[in-house]
Amino acid sequence: MRVENIIPLAFILGVSVEATLYKASKPPMGWNSYNYYNCYPTEEIMKTNAQGLVDLGLADLGYVYVTTDCGWMARDRDSEGRLQWNTELFPSGGQALGDYIHGLGLKFGLYSGAGYYQCGSTDLPASLGFEEIDAQTFAEWEGDSLKYDNCYSSSTEVMADYVSPASTSPERHEKMASVLDGVGRDIAYFICQWGIGEDLGKWAPPIGNVYRISNDIYNAWRSIWRITNQVVPFYKSTTVGAYPDMDMLIVGLRALTLEEEKFHFSMWAINKSPLNIGAPAAPGLTPAASLNVLRNAEVIAINQDPLGAQARLVRRYTEEEWDIWAGQLSGARAVLGIANWRNASQTVRLDLAATIHVQRAGARDVWAARDLGDVSDALDVTLAAHEMRLLVLGDIVAAPGPEPTGSYYAAADAALAGNASRISCGGIGEGDCAPAGTKVSISGRGASASFGAVVAGAAGTKLLGVDFVNHEIALDSAWGLGSNTRNATVAVNGGRPKRWAFPISGGDWFESDRMYIEVDGFVQGDSNRVVFAAGGDELAPDLVGFEVFE
């Protein structure tokens, strides 16, 4: 059984694809009040930061959406049922605020929610049941975007409900999309459903300009790791006009080192997330070095590339703590991201032909703003702790990469031990548990799936394309150590089991994805034994099968 080869030539050279446009054709960029001011915005805060976008040169770079997040509205609607601005906080009202923002050449971003109350409150009204009049009101205020949140979705008692059918269903967000389409004004729709439930990448792109994929970001490095692992499978649905929202940037909030801020900004940019500044654009409140991160025009250009293609995780080295990401850019170019998750500096070696099918290319180091000339063969890169090296490749000469040996090793045919069990995906949905249609659950200590008679043409390290399923979404655990990963070990011919962290694979527990890992210990011939196992008491990802590449 064959599946698609590692990274097809079309992937790295880029292929123009016609896409249906929905409102803004590039990932939106702007400023949002929440990360710094929480649910306590005021007219003065909004005007000061809007003016700051202009004065700091951020508006000229594309940061134009100015969004007043939670806390702007009064407790009571008017006699006609219309939302009202809290005049103690916004004495001039919402229309005047919009006029001020438009007068600066910026866009007026509005906020509401698909629940009974707004986030961060116990009584401020949201839009559930008032979709028509609220959408019309937003249009009358000349709003340019609507961030639509998900609090109090199922009751007036629970602010964040991650599990009930009412909360996980897309229907409330679909309703507002339908209504917005009929108000006679282009209002970019920013879905903020937190990635709960199933199949976000299927239902949200057709109706939203952006769609939040995760629980909130917060001021810690580990939230960058968590959200990165959740964005991985959205390359399947990201397209011009529909982008995965990794949440607002924490650059400038003094939560990360400068190197971490550049890593964070890079990861959001290559995955085509909207770039919404969460730090204040008010004078003197954000470090100058952080503002320079946000003003890096070359990184912004990667994010705003007209092809709209999300980068992909093409290699993961979990124990060594680094990743390789690659994505298409317009003009037959590519972006290459080398991500160091380690808390210390390290030097890594990248084989361009084996990883991204490139024999030779002209390279530019984006953060260094320096042309490197031609790069080819193996590339040694010394990375600082938590650095992401961004390279843009052009004048690409393609190279053949490793090819599958010809056999597909389906988990359904493996010898199982411990609590491992086979799960049929038949009748669940088309393409589920691809390509085999069956998966194996490897749950807990002692659980494993063993494959005998695995063929290798030569001894040594081999590339495995592992098809897996992981939908262990970090929701409540997002505030702690939730990472959106499940870990599995792989051992060859009785060698030391090596650990890999598998990210989210798709929209439910049956949508598979493929991760490429390099595993040592193979001998020539058909006598190799490969064992996938859970790490300790942890649950491993469900396993569909694998191929060997040489």
# chains A, B, ... in the order shown; residues from 1 in each chain; ligands from 1
$ residues_around --residues "Val544 (chain A)" --least-positions-apart "4" --cutoff "12 Å" --atoms "only C-alpha atoms" --output "ChimeraX atom specification"
/A:408-414,421-425,432-442,449,465-470,505,509-515,532
$ write_last_selection --atoms "N, CA, C and O atoms" --output "compact mmCIF listing (two decimals), in the first residue's frame"
# COMPACT_ATOMS: atom_id res chain seq x y z
N TYR A 408 4.11 -1.35 2.70
CA TYR A 408 3.45 -0.57 3.74
C TYR A 408 3.16 -1.50 4.91
O TYR A 408 2.60 -2.59 4.73
N TYR A 409 3.54 -1.10 6.10
CA TYR A 409 3.40 -1.92 7.29
C TYR A 409 2.21 -1.40 8.10
O TYR A 409 2.31 -0.44 8.87
N ALA A 410 1.05 -2.02 7.88
CA ALA A 410 -0.18 -1.58 8.54
C ALA A 410 -0.21 -2.06 9.98
O ALA A 410 0.14 -3.22 10.28
N ALA A 411 -0.63 -1.16 10.88
CA ALA A 411 -0.69 -1.52 12.29
C ALA A 411 -1.65 -2.67 12.54
O ALA A 411 -1.47 -3.43 13.50
N ALA A 412 -2.63 -2.84 11.67
CA ALA A 412 -3.58 -3.94 11.84
C ALA A 412 -2.90 -5.30 11.75
O ALA A 412 -3.41 -6.30 12.28
N ASP A 413 -1.73 -5.34 11.10
CA ASP A 413 -1.01 -6.60 10.94
C ASP A 413 0.08 -6.80 11.99
O ASP A 413 0.80 -7.80 11.96
N ALA A 414 0.22 -5.85 12.91
CA ALA A 414 1.28 -5.93 13.91
C ALA A 414 0.91 -6.91 15.02
O ALA A 414 -0.27 -7.21 15.26
N SER A 421 -4.76 -2.41 21.20
CA SER A 421 -5.94 -3.03 20.58
C SER A 421 -6.19 -2.44 19.21
O SER A 421 -5.89 -1.27 18.95
N ARG A 422 -6.77 -3.24 18.32
CA ARG A 422 -7.11 -2.80 16.97
C ARG A 422 -8.46 -2.09 16.97
O ARG A 422 -9.38 -2.51 17.66
N ILE A 423 -8.56 -1.03 16.19
CA ILE A 423 -9.80 -0.27 16.06
C ILE A 423 -10.09 -0.09 14.58
O ILE A 423 -9.29 0.50 13.85
N SER A 424 -11.23 -0.60 14.13
CA SER A 424 -11.61 -0.42 12.74
C SER A 424 -12.20 0.96 12.54
O SER A 424 -12.99 1.44 13.36
N CYS A 425 -11.81 1.61 11.44
CA CYS A 425 -12.35 2.92 11.11
C CYS A 425 -13.38 2.84 10.00
O CYS A 425 -13.83 3.86 9.48
N ASP A 432 -10.79 8.15 6.59
CA ASP A 432 -10.36 8.09 7.98
C ASP A 432 -9.37 6.96 8.19
O ASP A 432 -9.42 5.91 7.54
N CYS A 433 -8.45 7.19 9.15
CA CYS A 433 -7.35 6.25 9.42
C CYS A 433 -6.60 5.91 8.15
O CYS A 433 -6.19 4.76 7.93
N ALA A 434 -6.44 6.90 7.29
CA ALA A 434 -5.73 6.69 6.02
C ALA A 434 -4.27 6.38 6.31
O ALA A 434 -3.69 6.87 7.26
N PRO A 435 -3.65 5.52 5.47
CA PRO A 435 -4.24 4.91 4.29
C PRO A 435 -4.79 3.50 4.52
O PRO A 435 -5.25 2.87 3.58
N ALA A 436 -4.75 3.00 5.76
CA ALA A 436 -5.03 1.59 5.99
C ALA A 436 -6.49 1.31 6.37
O ALA A 436 -6.97 0.20 6.19
N GLY A 437 -7.19 2.31 6.93
CA GLY A 437 -8.57 2.10 7.33
C GLY A 437 -8.75 1.45 8.69
O GLY A 437 -9.87 1.24 9.14
N THR A 438 -7.66 1.14 9.35
CA THR A 438 -7.67 0.56 10.69
C THR A 438 -6.52 1.18 11.47
O THR A 438 -5.50 1.56 10.90
N LYS A 439 -6.69 1.30 12.79
CA LYS A 439 -5.61 1.82 13.62
C LYS A 439 -5.46 0.96 14.85
O LYS A 439 -6.32 0.12 15.16
N VAL A 440 -4.38 1.18 15.56
CA VAL A 440 -4.11 0.46 16.80
C VAL A 440 -3.95 1.47 17.93
O VAL A 440 -3.21 2.46 17.81
N SER A 441 -4.67 1.26 19.01
CA SER A 441 -4.52 2.08 20.21
C SER A 441 -3.41 1.47 21.06
O SER A 441 -3.42 0.27 21.36
N ILE A 442 -2.43 2.30 21.42
CA ILE A 442 -1.31 1.86 22.25
C ILE A 442 -1.41 2.63 23.56
O ILE A 442 -0.97 3.76 23.67
N ALA A 449 3.10 -2.30 19.65
CA ALA A 449 2.78 -2.91 18.36
C ALA A 449 4.09 -3.25 17.69
O ALA A 449 4.93 -2.37 17.45
N GLY A 465 8.04 7.07 7.49
CA GLY A 465 6.85 7.90 7.39
C GLY A 465 5.76 7.25 8.21
O GLY A 465 5.20 6.22 7.81
N VAL A 466 5.47 7.81 9.37
CA VAL A 466 4.57 7.19 10.34
C VAL A 466 3.19 7.83 10.24
O VAL A 466 3.04 9.05 10.43
N ASP A 467 2.19 7.04 9.94
CA ASP A 467 0.80 7.51 9.89
C ASP A 467 0.16 7.29 11.26
O ASP A 467 0.15 6.16 11.76
N PHE A 468 -0.35 8.34 11.85
CA PHE A 468 -0.81 8.30 13.24
C PHE A 468 -2.09 9.11 13.40
O PHE A 468 -2.47 9.90 12.52
N VAL A 469 -2.73 8.93 14.53
CA VAL A 469 -3.90 9.72 14.89
C VAL A 469 -3.71 10.24 16.32
O VAL A 469 -3.45 9.46 17.24
N ASN A 470 -3.84 11.56 16.48
CA ASN A 470 -3.80 12.17 17.81
C ASN A 470 -4.77 13.33 17.83
O ASN A 470 -4.64 14.28 17.07
N SER A 505 -3.20 15.44 14.77
CA SER A 505 -3.20 14.93 13.40
C SER A 505 -4.36 15.44 12.57
O SER A 505 -4.30 15.39 11.32
N TRP A 509 -10.70 11.78 16.19
CA TRP A 509 -9.87 10.62 16.52
C TRP A 509 -9.76 9.61 15.37
O TRP A 509 -9.32 8.48 15.59
N PHE A 510 -10.12 10.02 14.17
CA PHE A 510 -9.99 9.13 13.02
C PHE A 510 -9.23 9.77 11.85
O PHE A 510 -8.88 9.08 10.90
N GLU A 511 -8.99 11.06 11.92
CA GLU A 511 -8.24 11.73 10.85
C GLU A 511 -6.75 11.59 11.11
O GLU A 511 -6.23 12.09 12.10
N SER A 512 -6.07 10.93 10.20
CA SER A 512 -4.64 10.66 10.38
C SER A 512 -3.79 11.73 9.71
O SER A 512 -4.25 12.50 8.88
N ASP A 513 -2.55 11.75 10.09
CA ASP A 513 -1.54 12.56 9.43
C ASP A 513 -0.25 11.75 9.43
O ASP A 513 -0.18 10.66 10.02
N ARG A 514 0.76 12.27 8.77
CA ARG A 514 2.03 11.55 8.68
C ARG A 514 3.14 12.41 9.25
O ARG A 514 3.23 13.60 8.96
N MET A 515 3.99 11.80 10.08
CA MET A 515 5.19 12.47 10.57
C MET A 515 6.40 11.63 10.18
O MET A 515 6.37 10.39 10.23
N PHE A 532 6.72 -0.14 18.16
CA PHE A 532 6.15 1.12 18.64
C PHE A 532 5.53 0.85 20.01
O PHE A 532 4.78 -0.12 20.18
$ residues_around --residues "Ala385 (chain A)" --least-positions-apart "4" --cutoff "8 Å" --atoms "only C-alpha atoms" --output "PyMOL selection string"
chain A and resi 259+340-346
$ write_last_selection --atoms "N, CA and C atoms" --output "mmCIF file, in the first residue's frame"
data_model
loop_
_atom_site.group_PDB
_atom_site.id
_atom_site.type_symbol
_atom_site.label_atom_id
_atom_site.label_comp_id
_atom_site.auth_asym_id
_atom_site.auth_seq_id
_atom_site.Cartn_x
_atom_site.Cartn_y
_atom_site.Cartn_z
ATOM 1 N N GLU A 259 15.040 36.194 21.839
ATOM 2 C CA GLU A 259 15.150 35.077 20.888
ATOM 3 C C GLU A 259 13.834 34.319 20.809
ATOM 4 N N ASN A 340 14.738 25.363 17.241
ATOM 5 C CA ASN A 340 15.441 24.783 18.385
ATOM 6 C C ASN A 340 14.579 24.937 19.635
ATOM 7 N N TRP A 341 13.998 23.830 20.097
ATOM 8 C CA TRP A 341 13.185 23.840 21.306
ATOM 9 C C TRP A 341 14.037 23.676 22.570
ATOM 10 N N ARG A 342 15.302 23.400 22.413
ATOM 11 C CA ARG A 342 16.180 23.125 23.554
ATOM 12 C C ARG A 342 16.461 24.401 24.341
ATOM 13 N N ASN A 343 16.678 24.246 25.639
ATOM 14 C CA ASN A 343 16.996 25.381 26.506
ATOM 15 C C ASN A 343 18.452 25.799 26.414
ATOM 16 N N ALA A 344 19.171 25.278 25.434
ATOM 17 C CA ALA A 344 20.577 25.596 25.242
ATOM 18 C C ALA A 344 20.874 25.637 23.753
ATOM 19 N N SER A 345 22.016 26.222 23.432
ATOM 20 C CA SER A 345 22.452 26.267 22.039
ATOM 21 C C SER A 345 22.806 24.867 21.550
ATOM 22 N N GLN A 346 22.629 24.638 20.251
ATOM 23 C CA GLN A 346 23.080 23.384 19.658
ATOM 24 C C GLN A 346 23.334 23.582 18.167
#
$ residues_around --residues "His264 (chain A)" --least-positions-apart "2" --cutoff "10 Å" --atoms "only C-alpha atoms" --output "PyMOL selection string"
chain A and resi 221+223-225+228+249-251+256+258-262+266-269+293+386-388
$ atom_distance --atom1 "CA of Tyr162 (chain A)" --atom2 "CA of Gln193 (chain A)"
9.7 Å
$ closest_residue --among "A:Glu321, A:Asp476, A:Gly71, A:Val454" --to "Asp161 (chain A)" --atoms "only C-alpha atoms"
A:Asp476
$ closest_residue --among "A:Gly525, A:Gly480, A:Val531, A:Gly278" --to "Gly495 (chain A)" --atoms "only C-alpha atoms"
A:Val531
$ residues_around --residues "region 482-484 of chain A" --least-positions-apart "2" --cutoff "10 Å" --atoms "only C-alpha atoms" --output "list in words"
Ser214, Arg222, Ser223, Ile224, Trp225, Arg226, Ile227, Thr228, Asn229, Gln230, Val231, Asn470, His471, Glu472, Ile473, Ala474, Leu475, Asp476, Ser477, Ala478, Trp479, Gly480, Arg486, Ala501, Phe502, Pro503, Ile504 and Ser505 of chain A
$ write_last_selection --atoms "N, CA, C and O atoms" --output "short mmCIF file (atom, residue, chain, number, x, y, z; two decimals), in the first residue's frame"
data_model
loop_
_atom_site.label_atom_id
_atom_site.label_comp_id
_atom_site.auth_asym_id
_atom_site.auth_seq_id
_atom_site.Cartn_x
_atom_site.Cartn_y
_atom_site.Cartn_z
N SER A 214 -7.06 27.04 18.92
CA SER A 214 -6.56 26.57 20.22
C SER A 214 -7.20 27.35 21.36
O SER A 214 -7.84 28.38 21.16
N ARG A 222 5.99 27.77 27.20
CA ARG A 222 5.36 26.48 26.92
C ARG A 222 4.07 26.62 26.11
O ARG A 222 3.64 25.67 25.47
N SER A 223 3.44 27.81 26.15
CA SER A 223 2.24 27.96 25.33
C SER A 223 2.58 28.05 23.85
O SER A 223 1.74 27.74 23.00
N ILE A 224 3.82 28.44 23.51
CA ILE A 224 4.26 28.44 22.11
C ILE A 224 4.35 27.00 21.61
O ILE A 224 3.92 26.68 20.50
N TRP A 225 4.92 26.12 22.42
CA TRP A 225 5.02 24.69 22.09
C TRP A 225 3.62 24.08 21.94
O TRP A 225 3.35 23.35 20.98
N ARG A 226 2.73 24.39 22.87
CA ARG A 226 1.38 23.83 22.83
C ARG A 226 0.65 24.21 21.54
O ARG A 226 0.10 23.35 20.83
N ILE A 227 0.64 25.49 21.21
CA ILE A 227 -0.12 25.95 20.05
C ILE A 227 0.53 25.49 18.75
O ILE A 227 -0.17 25.15 17.78
N THR A 228 1.86 25.44 18.72
CA THR A 228 2.55 24.93 17.54
C THR A 228 2.11 23.51 17.22
O THR A 228 1.87 23.16 16.06
N ASN A 229 1.99 22.68 18.24
CA ASN A 229 1.58 21.29 18.01
C ASN A 229 0.13 21.16 17.57
O ASN A 229 -0.25 20.15 16.97
N GLN A 230 -0.66 22.19 17.82
CA GLN A 230 -2.06 22.14 17.41
C GLN A 230 -2.27 22.63 15.98
O GLN A 230 -3.22 22.23 15.30
N VAL A 231 -1.37 23.50 15.51
CA VAL A 231 -1.57 24.07 14.17
C VAL A 231 -1.12 23.13 13.05
O VAL A 231 -1.51 23.30 11.89
N ASN A 470 -3.84 11.56 16.48
CA ASN A 470 -3.80 12.17 17.81
C ASN A 470 -4.77 13.33 17.83
O ASN A 470 -4.64 14.28 17.07
N HIS A 471 -5.76 13.25 18.71
CA HIS A 471 -6.71 14.35 18.90
C HIS A 471 -6.81 14.70 20.39
O HIS A 471 -7.85 15.08 20.89
N GLU A 472 -5.68 14.56 21.09
CA GLU A 472 -5.61 14.86 22.52
C GLU A 472 -5.45 16.37 22.69
O GLU A 472 -4.36 16.89 22.98
N ILE A 473 -6.55 17.12 22.47
CA ILE A 473 -6.51 18.58 22.49
C ILE A 473 -6.37 19.09 23.93
O ILE A 473 -7.11 18.68 24.82
N ALA A 474 -5.42 19.99 24.14
CA ALA A 474 -5.21 20.59 25.47
C ALA A 474 -6.23 21.71 25.67
O ALA A 474 -6.11 22.78 25.06
N LEU A 475 -7.23 21.45 26.49
CA LEU A 475 -8.27 22.44 26.77
C LEU A 475 -8.11 22.92 28.21
O LEU A 475 -7.45 23.91 28.46
N ASP A 476 -8.69 22.21 29.20
CA ASP A 476 -8.41 22.57 30.59
C ASP A 476 -6.91 22.51 30.89
O ASP A 476 -6.38 23.33 31.64
N SER A 477 -6.24 21.53 30.29
CA SER A 477 -4.81 21.35 30.57
C SER A 477 -3.94 22.41 29.89
O SER A 477 -2.73 22.47 30.13
N ALA A 478 -4.55 23.23 29.04
CA ALA A 478 -3.77 24.28 28.35
C ALA A 478 -3.12 25.23 29.34
O ALA A 478 -2.06 25.80 29.05
N TRP A 479 -3.73 25.41 30.50
CA TRP A 479 -3.19 26.35 31.48
C TRP A 479 -2.04 25.76 32.29
O TRP A 479 -1.38 26.48 33.05
N GLY A 480 -1.81 24.47 32.13
CA GLY A 480 -0.71 23.82 32.82
C GLY A 480 0.32 23.30 31.83
O GLY A 480 0.94 24.06 31.10
N ARG A 486 1.12 13.47 21.93
CA ARG A 486 1.24 12.17 22.57
C ARG A 486 2.59 11.59 22.16
O ARG A 486 3.03 11.76 21.03
N ALA A 501 7.51 13.00 19.97
CA ALA A 501 6.28 13.70 20.35
C ALA A 501 5.45 13.94 19.09
O ALA A 501 5.87 14.69 18.21
N PHE A 502 4.31 13.30 19.01
CA PHE A 502 3.45 13.41 17.84
C PHE A 502 2.41 14.52 18.07
O PHE A 502 1.71 14.52 19.08
N PRO A 503 2.28 15.46 17.14
CA PRO A 503 1.34 16.57 17.31
C PRO A 503 -0.09 16.14 16.99
O PRO A 503 -0.36 14.97 16.71
N ILE A 504 -1.01 17.09 17.02
CA ILE A 504 -2.39 16.83 16.60
C ILE A 504 -2.38 16.44 15.11
O ILE A 504 -1.66 17.02 14.31
N SER A 505 -3.20 15.44 14.77
CA SER A 505 -3.20 14.93 13.40
C SER A 505 -4.36 15.44 12.57
O SER A 505 -4.30 15.39 11.32
#
$ closest_residue --among "A:Ala339, A:Trp72, A:Ala399, A:Leu56" --to "Ala353 (chain A)" --atoms "only C-alpha atoms"
A:Ala399
$ select_by_dssp --residues "region 152-326 of chain A" --states "helix (DSSP H, G or I)" --output "JSON, numbers by chain"
{"A": [165, 166, 167, 168, 171, 172, 173, 174, 175, 176, 177, 178, 179, 180, 200, 201, 202, 203, 221, 222, 223, 224, 225, 226, 227, 228, 229, 230, 231, 232, 233, 234, 235, 236, 258, 259, 260, 261, 262, 263, 264, 265, 266, 267, 268, 269, 270, 288, 289, 290, 291, 292, 293, 294, 297, 298, 299, 300, 301, 302, 303]}
$ residues_around --residues "region 365-370 of chain A" --least-positions-apart "5" --cutoff "10 Å" --atoms "only C-alpha atoms" --output "PyMOL selection string"
chain A and resi 262+266+293+296-299+302+335-336+388-393
$ write_last_selection --atoms "all heavy atoms" --output "short mmCIF file (atom, residue, chain, number, x, y, z; two decimals), in the first residue's frame"
data_model
loop_
_atom_site.label_atom_id
_atom_site.label_comp_id
_atom_site.auth_asym_id
_atom_site.auth_seq_id
_atom_site.Cartn_x
_atom_site.Cartn_y
_atom_site.Cartn_z
N LYS A 262 11.34 36.21 18.68
CA LYS A 262 11.56 36.02 17.25
C LYS A 262 11.09 34.64 16.80
O LYS A 262 10.53 34.49 15.71
CB LYS A 262 13.05 36.23 16.93
CG LYS A 262 13.50 37.67 17.11
CD LYS A 262 14.88 37.94 16.53
CE LYS A 262 15.98 37.25 17.28
NZ LYS A 262 17.32 37.60 16.74
N SER A 266 8.12 34.10 14.16
CA SER A 266 8.43 33.28 12.98
C SER A 266 7.43 32.15 12.81
O SER A 266 6.94 31.89 11.70
CB SER A 266 9.84 32.70 13.09
OG SER A 266 10.82 33.70 13.15
N VAL A 293 11.02 43.42 16.41
CA VAL A 293 10.57 42.08 15.99
C VAL A 293 9.27 42.21 15.20
O VAL A 293 9.12 41.65 14.10
CB VAL A 293 10.37 41.16 17.22
CG1 VAL A 293 9.68 39.86 16.82
CG2 VAL A 293 11.71 40.86 17.88
N ASN A 296 9.63 43.52 11.55
CA ASN A 296 10.50 42.87 10.58
C ASN A 296 9.74 42.61 9.28
O ASN A 296 8.91 41.71 9.19
CB ASN A 296 11.05 41.55 11.14
CG ASN A 296 12.15 40.99 10.26
OD1 ASN A 296 11.92 40.64 9.11
ND2 ASN A 296 13.36 40.91 10.79
N ALA A 297 10.04 43.41 8.28
CA ALA A 297 9.28 43.38 7.04
C ALA A 297 9.44 42.06 6.28
O ALA A 297 8.51 41.62 5.58
CB ALA A 297 9.69 44.55 6.15
N GLU A 298 10.59 41.42 6.42
CA GLU A 298 10.81 40.17 5.69
C GLU A 298 10.00 39.02 6.28
O GLU A 298 9.47 38.17 5.55
CB GLU A 298 12.30 39.83 5.66
CG GLU A 298 13.13 40.81 4.84
CD GLU A 298 14.56 40.33 4.64
OE1 GLU A 298 14.75 39.14 4.29
OE2 GLU A 298 15.49 41.13 4.85
N VAL A 299 9.89 38.99 7.60
CA VAL A 299 9.05 37.96 8.23
C VAL A 299 7.58 38.22 7.89
O VAL A 299 6.82 37.29 7.58
CB VAL A 299 9.27 37.92 9.75
CG1 VAL A 299 8.41 36.83 10.38
CG2 VAL A 299 10.74 37.68 10.08
N ILE A 302 6.66 36.92 4.52
CA ILE A 302 6.42 35.47 4.48
C ILE A 302 4.97 35.19 4.88
O ILE A 302 4.27 34.41 4.24
CB ILE A 302 7.40 34.74 5.41
CG1 ILE A 302 8.83 34.85 4.87
CG2 ILE A 302 7.00 33.27 5.59
CD1 ILE A 302 9.89 34.39 5.86
N VAL A 335 10.13 28.75 2.13
CA VAL A 335 10.63 29.17 3.43
C VAL A 335 11.03 27.92 4.20
O VAL A 335 10.33 26.89 4.16
CB VAL A 335 9.58 29.99 4.22
CG1 VAL A 335 8.31 29.20 4.47
CG2 VAL A 335 10.16 30.50 5.53
N LEU A 336 12.16 27.99 4.87
CA LEU A 336 12.68 26.89 5.67
C LEU A 336 12.85 27.40 7.10
O LEU A 336 13.53 28.41 7.33
CB LEU A 336 14.02 26.42 5.10
CG LEU A 336 14.70 25.25 5.77
CD1 LEU A 336 13.86 23.99 5.65
CD2 LEU A 336 16.08 25.02 5.15
N MET A 388 14.63 30.17 16.24
CA MET A 388 14.13 29.65 14.98
C MET A 388 14.86 30.37 13.85
O MET A 388 14.70 31.58 13.68
CB MET A 388 12.62 29.82 14.81
CG MET A 388 12.10 29.16 13.55
SD MET A 388 10.30 29.22 13.46
CE MET A 388 9.97 27.72 12.54
N ARG A 389 15.67 29.62 13.11
CA ARG A 389 16.38 30.18 11.97
C ARG A 389 15.44 30.14 10.76
O ARG A 389 14.94 29.08 10.38
CB ARG A 389 17.65 29.38 11.69
CG ARG A 389 18.55 29.97 10.60
CD ARG A 389 19.25 31.23 11.06
NE ARG A 389 19.96 31.04 12.33
CZ ARG A 389 21.20 30.56 12.42
NH1 ARG A 389 21.89 30.21 11.34
NH2 ARG A 389 21.77 30.45 13.62
N LEU A 390 15.22 31.29 10.16
CA LEU A 390 14.35 31.38 8.99
C LEU A 390 15.20 31.64 7.76
O LEU A 390 15.94 32.62 7.70
CB LEU A 390 13.35 32.53 9.15
CG LEU A 390 12.02 32.30 9.85
CD1 LEU A 390 11.15 33.54 9.70
CD2 LEU A 390 11.31 31.08 9.31
N LEU A 391 15.07 30.76 6.77
CA LEU A 391 15.74 30.93 5.48
C LEU A 391 14.69 30.99 4.38
O LEU A 391 13.73 30.21 4.39
CB LEU A 391 16.70 29.78 5.20
CG LEU A 391 17.80 29.49 6.22
CD1 LEU A 391 18.62 28.29 5.78
CD2 LEU A 391 18.68 30.70 6.44
N VAL A 392 14.87 31.91 3.45
CA VAL A 392 14.06 31.92 2.23
C VAL A 392 14.94 31.40 1.10
O VAL A 392 16.05 31.90 0.88
CB VAL A 392 13.52 33.32 1.91
CG1 VAL A 392 12.89 33.35 0.52
CG2 VAL A 392 12.49 33.73 2.95
N LEU A 393 14.44 30.39 0.40
CA LEU A 393 15.19 29.75 -0.68
C LEU A 393 14.61 30.16 -2.02
O LEU A 393 13.39 30.15 -2.22
CB LEU A 393 15.11 28.22 -0.54
CG LEU A 393 15.54 27.63 0.81
CD1 LEU A 393 15.42 26.11 0.76
CD2 LEU A 393 16.95 28.04 1.18
#
$ atom_distance --atom1 "CA of Tyr65 (chain A)" --atom2 "CA of Ala220 (chain A)"
25.2 Å
$ closest_residue --among "A:Ile277, A:Ala311, A:Ile187, A:Leu110" --to "Arg295 (chain A)" --atoms "only C-alpha atoms"
A:Ile277
$ residues_around --residues "Met73 (chain A)" --least-positions-apart "4" --cutoff "12 Å" --atoms "only C-alpha atoms" --output "ChimeraX atom specification"
/A:39-43,68-69,77-78,82-91,93-94,110-113,117-119,121,123-127
$ select_by_dssp --residues "region 79-278 of chain A" --states "strand (DSSP E)" --output "list in words"
Lys107, Phe108, Gly109, Leu110, Tyr111, Ser112, Gly113, Ser145, Leu146, Lys147, Tyr148, Asp149, Ala188, Tyr189, Phe190, Ile191, Val210, Tyr211, Arg212, Tyr243, Pro244, Asp245, Leu275, Asn276 and Ile277 of chain A
$ residues_around --residues "Asn419 (chain A)" --least-positions-apart "2" --cutoff "12 Å" --atoms "only C-alpha atoms" --output "VMD selection string"
chain A and resid 415 to 417 421 to 422 440 to 449 533 to 534 537 539 to 540
